[in-house]
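Shown next: run35.pdb, given as PDB, C-alpha atoms.
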```pdb
MODEL        1
ATOM      1  CA  GLU S   7       6.236 -49.249  33.625  1.00  0.00           C
ATOM      2  CA  GLU S   8       2.436 -49.469  33.508  1.00  0.00           C
ATOM      3  CA  GLU S   9       2.180 -46.920  36.332  1.00  0.00           C
ATOM      4  CA  LYS S  10       4.409 -44.538  34.382  1.00  0.00           C
ATOM      5  CA  ARG S  11       2.184 -44.844  31.288  1.00  0.00           C
ATOM      6  CA  ASP S  12      -0.909 -44.228  33.421  1.00  0.00           C
ATOM      7  CA  ARG S  13       0.657 -41.035  34.857  1.00  0.00           C
ATOM      8  CA  GLU S  14       1.538 -39.842  31.343  1.00  0.00           C
ATOM      9  CA  LYS S  15      -2.056 -40.389  30.279  1.00  0.00           C
ATOM     10  CA  LEU S  16      -3.174 -37.970  33.009  1.00  0.00           C
ATOM     11  CA  GLY S  17      -1.189 -35.181  31.361  1.00  0.00           C
ATOM     12  CA  ASP S  18      -2.522 -32.523  29.007  1.00  0.00           C
ATOM     13  CA  ASP S  19      -1.243 -34.327  25.915  1.00  0.00           C
ATOM     14  CA  PHE S  20      -3.639 -37.224  26.377  1.00  0.00           C
ATOM     15  CA  ASN S  21      -6.708 -35.736  28.017  1.00  0.00           C
ATOM     16  CA  PHE S  22      -7.262 -32.239  26.825  1.00  0.00           C
ATOM     17  CA  HIS S  23      -5.565 -32.115  23.441  1.00  0.00           C
ATOM     18  CA  TYR S  24      -3.613 -29.128  24.679  1.00  0.00           C
ATOM     19  CA  TYR S  25      -0.205 -28.400  23.159  1.00  0.00           C
ATOM     20  CA  HIS S  26       2.035 -25.769  24.728  1.00  0.00           C
ATOM     21  CA  PHE S  27       4.381 -24.532  21.989  1.00  0.00           C
ATOM     22  CA  THR S  28       7.396 -22.972  23.708  1.00  0.00           C
ATOM     23  CA  GLY S  29      10.685 -21.826  22.322  1.00  0.00           C
ATOM     24  CA  SER S  30      11.646 -20.788  18.831  1.00  0.00           C
ATOM     25  CA  VAL S  31       9.726 -21.766  15.728  1.00  0.00           C
ATOM     26  CA  ASP S  32      12.106 -24.038  13.817  1.00  0.00           C
ATOM     27  CA  THR S  33      12.056 -27.377  12.036  1.00  0.00           C
ATOM     28  CA  THR S  34      12.517 -29.324  15.288  1.00  0.00           C
ATOM     29  CA  THR S  35       9.750 -27.612  17.294  1.00  0.00           C
ATOM     30  CA  VAL S  36       7.382 -27.603  14.316  1.00  0.00           C
ATOM     31  CA  LYS S  37       7.963 -31.324  13.724  1.00  0.00           C
ATOM     32  CA  ALA S  38       7.314 -32.097  17.400  1.00  0.00           C
ATOM     33  CA  CYS S  39       4.048 -30.135  17.319  1.00  0.00           C
ATOM     34  CA  ILE S  40       2.876 -31.697  14.049  1.00  0.00           C
ATOM     35  CA  ASP S  41       3.734 -35.185  15.324  1.00  0.00           C
ATOM     36  CA  ARG S  42       1.579 -34.659  18.441  1.00  0.00           C
ATOM     37  CA  LEU S  43      -1.275 -33.151  16.398  1.00  0.00           C
ATOM     38  CA  LYS S  44      -1.200 -36.165  14.058  1.00  0.00           C
ATOM     39  CA  VAL S  45      -1.626 -38.519  17.037  1.00  0.00           C
ATOM     40  CA  TRP S  46      -4.630 -36.558  18.292  1.00  0.00           C
ATOM     41  CA  HIS S  47      -6.115 -36.461  14.799  1.00  0.00           C
ATOM     42  CA  ARG S  48      -5.844 -40.249  14.484  1.00  0.00           C
ATOM     43  CA  ASP S  49      -7.018 -40.997  18.051  1.00  0.00           C
ATOM     44  CA  GLY S  50      -9.887 -38.505  18.098  1.00  0.00           C
ATOM     45  CA  PRO S  51     -10.795 -37.468  14.563  1.00  0.00           C
ATOM     46  CA  GLU S  52     -13.264 -34.841  15.780  1.00  0.00           C
ATOM     47  CA  CYS S  53     -11.686 -33.757  19.094  1.00  0.00           C
ATOM     48  CA  ASP S  54     -11.138 -30.112  19.982  1.00  0.00           C
ATOM     49  CA  ILE S  55      -7.479 -29.044  19.982  1.00  0.00           C
ATOM     50  CA  GLU S  56      -5.822 -26.091  21.695  1.00  0.00           C
ATOM     51  CA  ILE S  57      -2.315 -24.886  20.822  1.00  0.00           C
ATOM     52  CA  VAL S  58      -0.850 -22.253  23.141  1.00  0.00           C
ATOM     53  CA  PHE S  59       2.091 -20.264  21.796  1.00  0.00           C
ATOM     54  CA  SER S  60       4.628 -18.842  24.198  1.00  0.00           C
ATOM     55  CA  SER S  61       7.348 -18.158  21.686  1.00  0.00           C
ATOM     56  CA  PRO S  62       9.802 -15.520  20.481  1.00  0.00           C
ATOM     57  CA  GLY S  63       9.073 -16.566  16.894  1.00  0.00           C
ATOM     58  CA  GLY S  64      11.512 -17.970  14.398  1.00  0.00           C
ATOM     59  CA  GLY S  65      11.656 -19.301  10.872  1.00  0.00           C
ATOM     60  CA  VAL S  66       8.915 -18.351   8.450  1.00  0.00           C
ATOM     61  CA  ILE S  67       9.226 -21.431   6.224  1.00  0.00           C
ATOM     62  CA  ALA S  68       9.039 -23.867   9.165  1.00  0.00           C
ATOM     63  CA  GLY S  69       6.242 -21.796  10.706  1.00  0.00           C
ATOM     64  CA  MET S  70       4.178 -21.745   7.533  1.00  0.00           C
ATOM     65  CA  GLU S  71       4.434 -25.552   7.389  1.00  0.00           C
ATOM     66  CA  LEU S  72       2.727 -25.662  10.796  1.00  0.00           C
ATOM     67  CA  PHE S  73       0.252 -22.955   9.739  1.00  0.00           C
ATOM     68  CA  ASP S  74      -0.819 -25.047   6.728  1.00  0.00           C
ATOM     69  CA  PHE S  75      -1.033 -28.185   8.865  1.00  0.00           C
ATOM     70  CA  ILE S  76      -3.325 -26.436  11.357  1.00  0.00           C
ATOM     71  CA  GLN S  77      -5.494 -25.205   8.465  1.00  0.00           C
ATOM     72  CA  GLY S  78      -5.904 -28.818   7.359  1.00  0.00           C
ATOM     73  CA  LEU S  79      -6.884 -29.900  10.879  1.00  0.00           C
ATOM     74  CA  ARG S  80      -9.653 -27.313  10.948  1.00  0.00           C
ATOM     75  CA  VAL S  81     -11.603 -29.405   8.445  1.00  0.00           C
ATOM     76  CA  SER S  82     -12.432 -31.988  11.125  1.00  0.00           C
ATOM     77  CA  HIS S  83     -11.382 -30.350  14.424  1.00  0.00           C
ATOM     78  CA  LYS S  84     -12.140 -27.127  16.232  1.00  0.00           C
ATOM     79  CA  VAL S  85      -8.663 -25.657  16.719  1.00  0.00           C
ATOM     80  CA  THR S  86      -8.116 -22.926  19.279  1.00  0.00           C
ATOM     81  CA  THR S  87      -4.820 -21.068  19.088  1.00  0.00           C
ATOM     82  CA  ALA S  88      -3.721 -18.974  22.033  1.00  0.00           C
ATOM     83  CA  ALA S  89      -0.926 -16.675  23.170  1.00  0.00           C
ATOM     84  CA  SER S  90       0.538 -16.866  26.654  1.00  0.00           C
ATOM     85  CA  GLY S  91       3.338 -14.504  27.602  1.00  0.00           C
ATOM     86  CA  MET S  92       4.207 -13.592  24.042  1.00  0.00           C
ATOM     87  CA  ALA S  93       3.517 -14.724  20.528  1.00  0.00           C
ATOM     88  CA  ALA S  94       6.245 -12.851  18.724  1.00  0.00           C
ATOM     89  CA  SER S  95       6.971 -12.701  15.035  1.00  0.00           C
ATOM     90  CA  MET S  96       6.204 -16.127  13.471  1.00  0.00           C
ATOM     91  CA  ALA S  97       4.323 -17.192  16.620  1.00  0.00           C
ATOM     92  CA  GLY S  98       1.991 -14.209  16.085  1.00  0.00           C
ATOM     93  CA  ILE S  99       1.294 -15.479  12.587  1.00  0.00           C
ATOM     94  CA  LEU S 100       0.651 -18.998  13.934  1.00  0.00           C
ATOM     95  CA  LEU S 101      -1.816 -17.506  16.409  1.00  0.00           C
ATOM     96  CA  GLN S 102      -3.928 -16.590  13.362  1.00  0.00           C
ATOM     97  CA  ALA S 103      -4.193 -20.249  12.236  1.00  0.00           C
ATOM     98  CA  GLY S 104      -6.929 -21.357  14.645  1.00  0.00           C
ATOM     99  CA  ASP S 105     -10.693 -21.318  14.352  1.00  0.00           C
ATOM    100  CA  HIS S 106     -10.769 -19.367  17.599  1.00  0.00           C
ATOM    101  CA  ARG S 107      -7.870 -17.126  18.672  1.00  0.00           C
ATOM    102  CA  VAL S 108      -7.299 -16.336  22.341  1.00  0.00           C
ATOM    103  CA  MET S 109      -4.785 -14.319  24.371  1.00  0.00           C
ATOM    104  CA  GLY S 110      -3.968 -14.169  28.020  1.00  0.00           C
ATOM    105  CA  ARG S 111      -4.704 -10.741  29.455  1.00  0.00           C
ATOM    106  CA  GLU S 112      -0.986 -10.060  30.054  1.00  0.00           C
ATOM    107  CA  ALA S 113       0.247 -11.560  26.780  1.00  0.00           C
ATOM    108  CA  TYR S 114       1.749  -9.605  23.886  1.00  0.00           C
ATOM    109  CA  VAL S 115       1.975 -10.132  20.130  1.00  0.00           C
ATOM    110  CA  LEU S 116       4.869  -8.816  18.069  1.00  0.00           C
ATOM    111  CA  ILE S 117       4.341  -8.062  14.393  1.00  0.00           C
ATOM    112  CA  HIS S 118       7.148  -6.929  12.122  1.00  0.00           C
ATOM    113  CA  GLU S 119       8.421  -7.143   8.582  1.00  0.00           C
ATOM    114  CA  VAL S 120      10.045 -10.372   7.436  1.00  0.00           C
ATOM    115  CA  SER S 121      13.739 -10.433   8.229  1.00  0.00           C
ATOM    116  CA  THR S 122      16.607 -12.487   6.857  1.00  0.00           C
ATOM    117  CA  LEU S 123      20.331 -12.828   6.692  1.00  0.00           C
ATOM    118  CA  THR S 124      21.511 -13.202   3.143  1.00  0.00           C
ATOM    119  CA  GLY S 125      24.689 -13.157   1.163  1.00  0.00           C
ATOM    120  CA  GLY S 126      25.949 -13.947  -2.279  1.00  0.00           C
ATOM    121  CA  SER S 127      26.079 -12.201  -5.590  1.00  0.00           C
ATOM    122  CA  MET S 128      24.014  -9.114  -6.351  1.00  0.00           C
ATOM    123  CA  GLY S 129      21.622 -11.274  -8.410  1.00  0.00           C
ATOM    124  CA  GLU S 130      21.197 -13.779  -5.578  1.00  0.00           C
ATOM    125  CA  ILE S 131      20.451 -10.979  -3.131  1.00  0.00           C
ATOM    126  CA  GLU S 132      17.923  -9.447  -5.542  1.00  0.00           C
ATOM    127  CA  ASP S 133      16.252 -12.868  -5.896  1.00  0.00           C
ATOM    128  CA  GLU S 134      16.103 -13.174  -2.099  1.00  0.00           C
ATOM    129  CA  VAL S 135      14.521  -9.725  -1.791  1.00  0.00           C
ATOM    130  CA  GLU S 136      11.912 -10.662  -4.409  1.00  0.00           C
ATOM    131  CA  PHE S 137      11.100 -13.822  -2.451  1.00  0.00           C
ATOM    132  CA  LEU S 138      10.860 -11.839   0.804  1.00  0.00           C
ATOM    133  CA  HIS S 139       8.350  -9.465  -0.806  1.00  0.00           C
ATOM    134  CA  LYS S 140       6.194 -12.472  -1.806  1.00  0.00           C
ATOM    135  CA  MET S 141       6.446 -13.932   1.680  1.00  0.00           C
ATOM    136  CA  GLN S 142       5.653 -10.605   3.309  1.00  0.00           C
ATOM    137  CA  ASP S 143       2.584 -10.142   1.104  1.00  0.00           C
ATOM    138  CA  ARG S 144       1.286 -13.597   2.126  1.00  0.00           C
ATOM    139  CA  ILE S 145       1.792 -12.794   5.813  1.00  0.00           C
ATOM    140  CA  LEU S 146      -0.022  -9.466   5.485  1.00  0.00           C
ATOM    141  CA  THR S 147      -2.875 -11.310   3.761  1.00  0.00           C
ATOM    142  CA  VAL S 148      -3.101 -13.810   6.641  1.00  0.00           C
ATOM    143  CA  PHE S 149      -3.345 -11.034   9.234  1.00  0.00           C
ATOM    144  CA  ALA S 150      -5.738  -8.866   7.212  1.00  0.00           C
ATOM    145  CA  THR S 151      -8.047 -11.760   6.321  1.00  0.00           C
ATOM    146  CA  ARG S 152      -8.403 -12.776   9.966  1.00  0.00           C
ATOM    147  CA  CYS S 153      -8.915  -9.166  11.094  1.00  0.00           C
ATOM    148  CA  GLN S 154     -11.578  -8.507   8.467  1.00  0.00           C
ATOM    149  CA  ALA S 155     -13.474 -11.712   9.360  1.00  0.00           C
ATOM    150  CA  SER S 156     -13.660 -10.712  13.035  1.00  0.00           C
ATOM    151  CA  ASP S 157     -16.226  -8.668  14.927  1.00  0.00           C
ATOM    152  CA  ALA S 158     -13.555  -6.182  16.020  1.00  0.00           C
ATOM    153  CA  PRO S 159     -14.407  -2.476  16.152  1.00  0.00           C
ATOM    154  CA  LYS S 160     -11.197  -1.379  14.333  1.00  0.00           C
ATOM    155  CA  LYS S 161     -10.447  -4.139  11.842  1.00  0.00           C
ATOM    156  CA  LEU S 162      -7.023  -3.778  10.293  1.00  0.00           C
ATOM    157  CA  THR S 163      -6.666  -3.813   6.529  1.00  0.00           C
ATOM    158  CA  LYS S 164      -3.605  -5.031   4.662  1.00  0.00           C
ATOM    159  CA  ALA S 165      -2.544  -1.440   3.967  1.00  0.00           C
ATOM    160  CA  ALA S 166      -2.943  -0.423   7.617  1.00  0.00           C
ATOM    161  CA  LEU S 167      -0.925  -3.419   8.771  1.00  0.00           C
ATOM    162  CA  LYS S 168       1.823  -2.642   6.288  1.00  0.00           C
ATOM    163  CA  ARG S 169       2.034   0.987   7.440  1.00  0.00           C
ATOM    164  CA  ARG S 170       2.222   0.026  11.109  1.00  0.00           C
ATOM    165  CA  TRP S 171       4.909  -2.655  10.877  1.00  0.00           C
ATOM    166  CA  ARG S 172       7.171  -0.863   8.410  1.00  0.00           C
ATOM    167  CA  ARG S 173      10.733  -0.734   9.770  1.00  0.00           C
ATOM    168  CA  LYS S 174       9.809  -1.332  13.392  1.00  0.00           C
ATOM    169  CA  ASN S 175       8.766  -3.915  15.921  1.00  0.00           C
ATOM    170  CA  TRP S 176       5.078  -3.420  16.660  1.00  0.00           C
ATOM    171  CA  TRP S 177       4.164  -4.840  20.074  1.00  0.00           C
ATOM    172  CA  LEU S 178       0.431  -5.190  20.749  1.00  0.00           C
ATOM    173  CA  SER S 179      -1.272  -5.843  24.065  1.00  0.00           C
ATOM    174  CA  SER S 180      -4.144  -8.288  24.367  1.00  0.00           C
ATOM    175  CA  ASP S 181      -6.648  -5.407  24.396  1.00  0.00           C
ATOM    176  CA  GLU S 182      -5.152  -3.952  21.212  1.00  0.00           C
ATOM    177  CA  CYS S 183      -5.225  -7.359  19.512  1.00  0.00           C
ATOM    178  CA  LEU S 184      -8.897  -7.741  20.413  1.00  0.00           C
ATOM    179  CA  MET S 185      -9.714  -4.210  19.210  1.00  0.00           C
ATOM    180  CA  TYR S 186      -8.003  -4.797  15.832  1.00  0.00           C
ATOM    181  CA  GLY S 187      -9.333  -8.308  15.269  1.00  0.00           C
ATOM    182  CA  LEU S 188      -6.064 -10.182  15.738  1.00  0.00           C
ATOM    183  CA  VAL S 189      -7.747 -12.332  18.410  1.00  0.00           C
ATOM    184  CA  ASP S 190     -11.317 -13.275  19.235  1.00  0.00           C
ATOM    185  CA  GLU S 191     -11.094 -13.443  23.018  1.00  0.00           C
ATOM    186  CA  VAL S 192      -8.954 -12.283  25.942  1.00  0.00           C
ATOM    187  CA  ARG S 193      -8.908 -14.562  28.989  1.00  0.00           C
TER     188      ARG S 193
ENDMDL
END
```

Spell out the structure here as structure tokens.
Amino acid sequence: EEEKRDREKLGDDFNFHYYHFTGSVDTTTVKACIDRLKVWHRDGPECDIEIVFSSPGGGVIAGMELFDFIQGLRVSHKVTTAASGMAASMAGILLQAGDHRVMGREAYVLIHEVSTLTGGSMGEIEDEVEFLHKMQDRILTVFATRCQASDAPKKLTKAALKRRWRRKNWWLSSDECLMYGLVDEVR
């Protein structure tokens, strides 16, 4: 039993504060990530943390919970967020949460409008659409704020982002993300 614990302590979770976020962004995966980040925060209140997203995206509400949690960690930790393979949809938004944003050379980011499945009365659908507009505006603000704060040669504005993602999936390579200010470094 002690040998097993020692082997676990050699892993990334205990030595490098490296979390590999794989799979969809949902309440289960977000909770698992937050739980691990809480342990690192308690054990090493000033340690550096790296979260690598290799994800097809998922739920915006669950994802924004993790986004806000990472923002809180940045007060006492240097948080690096990275994309490996792909950071699609909500994972691309989460990539923006770190102090330093990194992509693998062969990674891709997908940006698109908020999507939903909804039903109900006409009024309920109209309320849902109103909420989606609010959510979409917040997401555009996240992307634009990070782009504008970067040293990128072609920083994207909120209006430019909105034009480019309208009614399509916008896949960006690591070089494009660096050029537009969606990441700070390509490895």

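Closest to S:Ile76 among S:Leu43, S:Thr33, S:Met96, S:Ser90 is S:Leu43, based on only C-alpha atoms.
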
Check your understanding: So which residues get picked by the PyMOL selection byres ((chain S and resi 58-73) around 6) here, written as an MDAnalysis selection string?
Key -> chainID S and resid 26:33 57 74:76 87:97 100 103

Please dump the current selection as a PDB file, in the frame of the given file; keep C-alpha atoms.
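The resulting out-v8.pdb:
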```pdb
ATOM      1  CA  HIS S  26       2.035 -25.769  24.728  1.00  0.00           C
ATOM      2  CA  PHE S  27       4.381 -24.532  21.989  1.00  0.00           C
ATOM      3  CA  THR S  28       7.396 -22.972  23.708  1.00  0.00           C
ATOM      4  CA  GLY S  29      10.685 -21.826  22.322  1.00  0.00           C
ATOM      5  CA  SER S  30      11.646 -20.788  18.831  1.00  0.00           C
ATOM      6  CA  VAL S  31       9.726 -21.766  15.728  1.00  0.00           C
ATOM      7  CA  ASP S  32      12.106 -24.038  13.817  1.00  0.00           C
ATOM      8  CA  THR S  33      12.056 -27.377  12.036  1.00  0.00           C
ATOM      9  CA  ILE S  57      -2.315 -24.886  20.822  1.00  0.00           C
ATOM     10  CA  ASP S  74      -0.819 -25.047   6.728  1.00  0.00           C
ATOM     11  CA  PHE S  75      -1.033 -28.185   8.865  1.00  0.00           C
ATOM     12  CA  ILE S  76      -3.325 -26.436  11.357  1.00  0.00           C
ATOM     13  CA  THR S  87      -4.820 -21.068  19.088  1.00  0.00           C
ATOM     14  CA  ALA S  88      -3.721 -18.974  22.033  1.00  0.00           C
ATOM     15  CA  ALA S  89      -0.926 -16.675  23.170  1.00  0.00           C
ATOM     16  CA  SER S  90       0.538 -16.866  26.654  1.00  0.00           C
ATOM     17  CA  GLY S  91       3.338 -14.504  27.602  1.00  0.00           C
ATOM     18  CA  MET S  92       4.207 -13.592  24.042  1.00  0.00           C
ATOM     19  CA  ALA S  93       3.517 -14.724  20.528  1.00  0.00           C
ATOM     20  CA  ALA S  94       6.245 -12.851  18.724  1.00  0.00           C
ATOM     21  CA  SER S  95       6.971 -12.701  15.035  1.00  0.00           C
ATOM     22  CA  MET S  96       6.204 -16.127  13.471  1.00  0.00           C
ATOM     23  CA  ALA S  97       4.323 -17.192  16.620  1.00  0.00           C
ATOM     24  CA  LEU S 100       0.651 -18.998  13.934  1.00  0.00           C
ATOM     25  CA  ALA S 103      -4.193 -20.249  12.236  1.00  0.00           C
TER      26      ALA S 103
END
```

Exercise for review: Determine the nearest neighbour of S:Gly104 from the options S:Asp49, S:Asp157, S:Asp54, S:Glu119, counting all atoms listed in the file.
Suggested key: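 The answer is S:Asp54, which sits nearest to S:Gly104.
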
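If you look at atom CA of S:Lys84 and atom CA of S:Val148, they are 18.7 Å away from each other.
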
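In this model, the gap between atom CA of S:His106 and atom CA of S:Thr86 comes to 4.7 Å.
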
Point to revise | Nearby residues (all atoms listed in the file) at most 8 Å from stretch 180-189 of chain S, same-chain spacing under 2 positions excluded, as JSON, numbers by chain | key: {"S": [102, 106, 107, 108, 109, 110, 111, 112, 113, 114, 115, 149, 152, 153, 154, 155, 156, 157, 158, 159, 160, 161, 162, 178, 191, 192]}

Generate a file of the selected residues that holds C-alpha atoms, formatted as a short mmCIF file (atom, residue, chain, number, x, y, z; two decimals), in the frame of the given file.
```
data_model
loop_
_atom_site.label_atom_id
_atom_site.label_comp_id
_atom_site.auth_asym_id
_atom_site.auth_seq_id
_atom_site.Cartn_x
_atom_site.Cartn_y
_atom_site.Cartn_z
CA GLN S 102 -3.93 -16.59 13.36
CA HIS S 106 -10.77 -19.37 17.60
CA ARG S 107 -7.87 -17.13 18.67
CA VAL S 108 -7.30 -16.34 22.34
CA MET S 109 -4.78 -14.32 24.37
CA GLY S 110 -3.97 -14.17 28.02
CA ARG S 111 -4.70 -10.74 29.46
CA GLU S 112 -0.99 -10.06 30.05
CA ALA S 113 0.25 -11.56 26.78
CA TYR S 114 1.75 -9.60 23.89
CA VAL S 115 1.98 -10.13 20.13
CA PHE S 149 -3.34 -11.03 9.23
CA ARG S 152 -8.40 -12.78 9.97
CA CYS S 153 -8.91 -9.17 11.09
CA GLN S 154 -11.58 -8.51 8.47
CA ALA S 155 -13.47 -11.71 9.36
CA SER S 156 -13.66 -10.71 13.04
CA ASP S 157 -16.23 -8.67 14.93
CA ALA S 158 -13.56 -6.18 16.02
CA PRO S 159 -14.41 -2.48 16.15
CA LYS S 160 -11.20 -1.38 14.33
CA LYS S 161 -10.45 -4.14 11.84
CA LEU S 162 -7.02 -3.78 10.29
CA LEU S 178 0.43 -5.19 20.75
CA GLU S 191 -11.09 -13.44 23.02
CA VAL S 192 -8.95 -12.28 25.94
#
```

Review point. Which residues match the PyMOL selection byres ((chain S and resi 165) around 12) in the file above, as a ChimeraX atom specification?
Key: /S:143,146-147,149-151,161-164,166-172

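Going from atom CA of S:Ile55 over to atom CA of S:Glu8, you cover 26.4 Å.
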
Please evaluate the PyMOL selection byres ((chain S and resi 120) around 8) against the displayed coordinates and give the resulting residues as a PDB file with C-alpha atoms, in the coordinates of the input.
```
ATOM      1  CA  HIS S 118       7.148  -6.929  12.122  1.00  0.00           C
ATOM      2  CA  GLU S 119       8.421  -7.143   8.582  1.00  0.00           C
ATOM      3  CA  SER S 121      13.739 -10.433   8.229  1.00  0.00           C
ATOM      4  CA  THR S 122      16.607 -12.487   6.857  1.00  0.00           C
ATOM      5  CA  LEU S 138      10.860 -11.839   0.804  1.00  0.00           C
ATOM      6  CA  MET S 141       6.446 -13.932   1.680  1.00  0.00           C
ATOM      7  CA  GLN S 142       5.653 -10.605   3.309  1.00  0.00           C
TER       8      GLN S 142
END
```

Exercise for review: Give as a list of chain:residue names each residue that has an atom at most 10 Å from (-6.8, -33.4, 22.9) in the file, counting all atoms listed in the file.
Suggested key: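 So the residues meeting the distance criterion are S:Asp18, S:Asp19, S:Phe20, S:Asn21, S:Phe22, S:His23, S:Tyr24, S:Tyr25, S:Arg42, S:Leu43, S:Val45, S:Trp46, S:His47, S:Asp49, S:Gly50, S:Glu52, S:Cys53, S:Asp54, S:Ile55, S:Glu56, S:Ile57.
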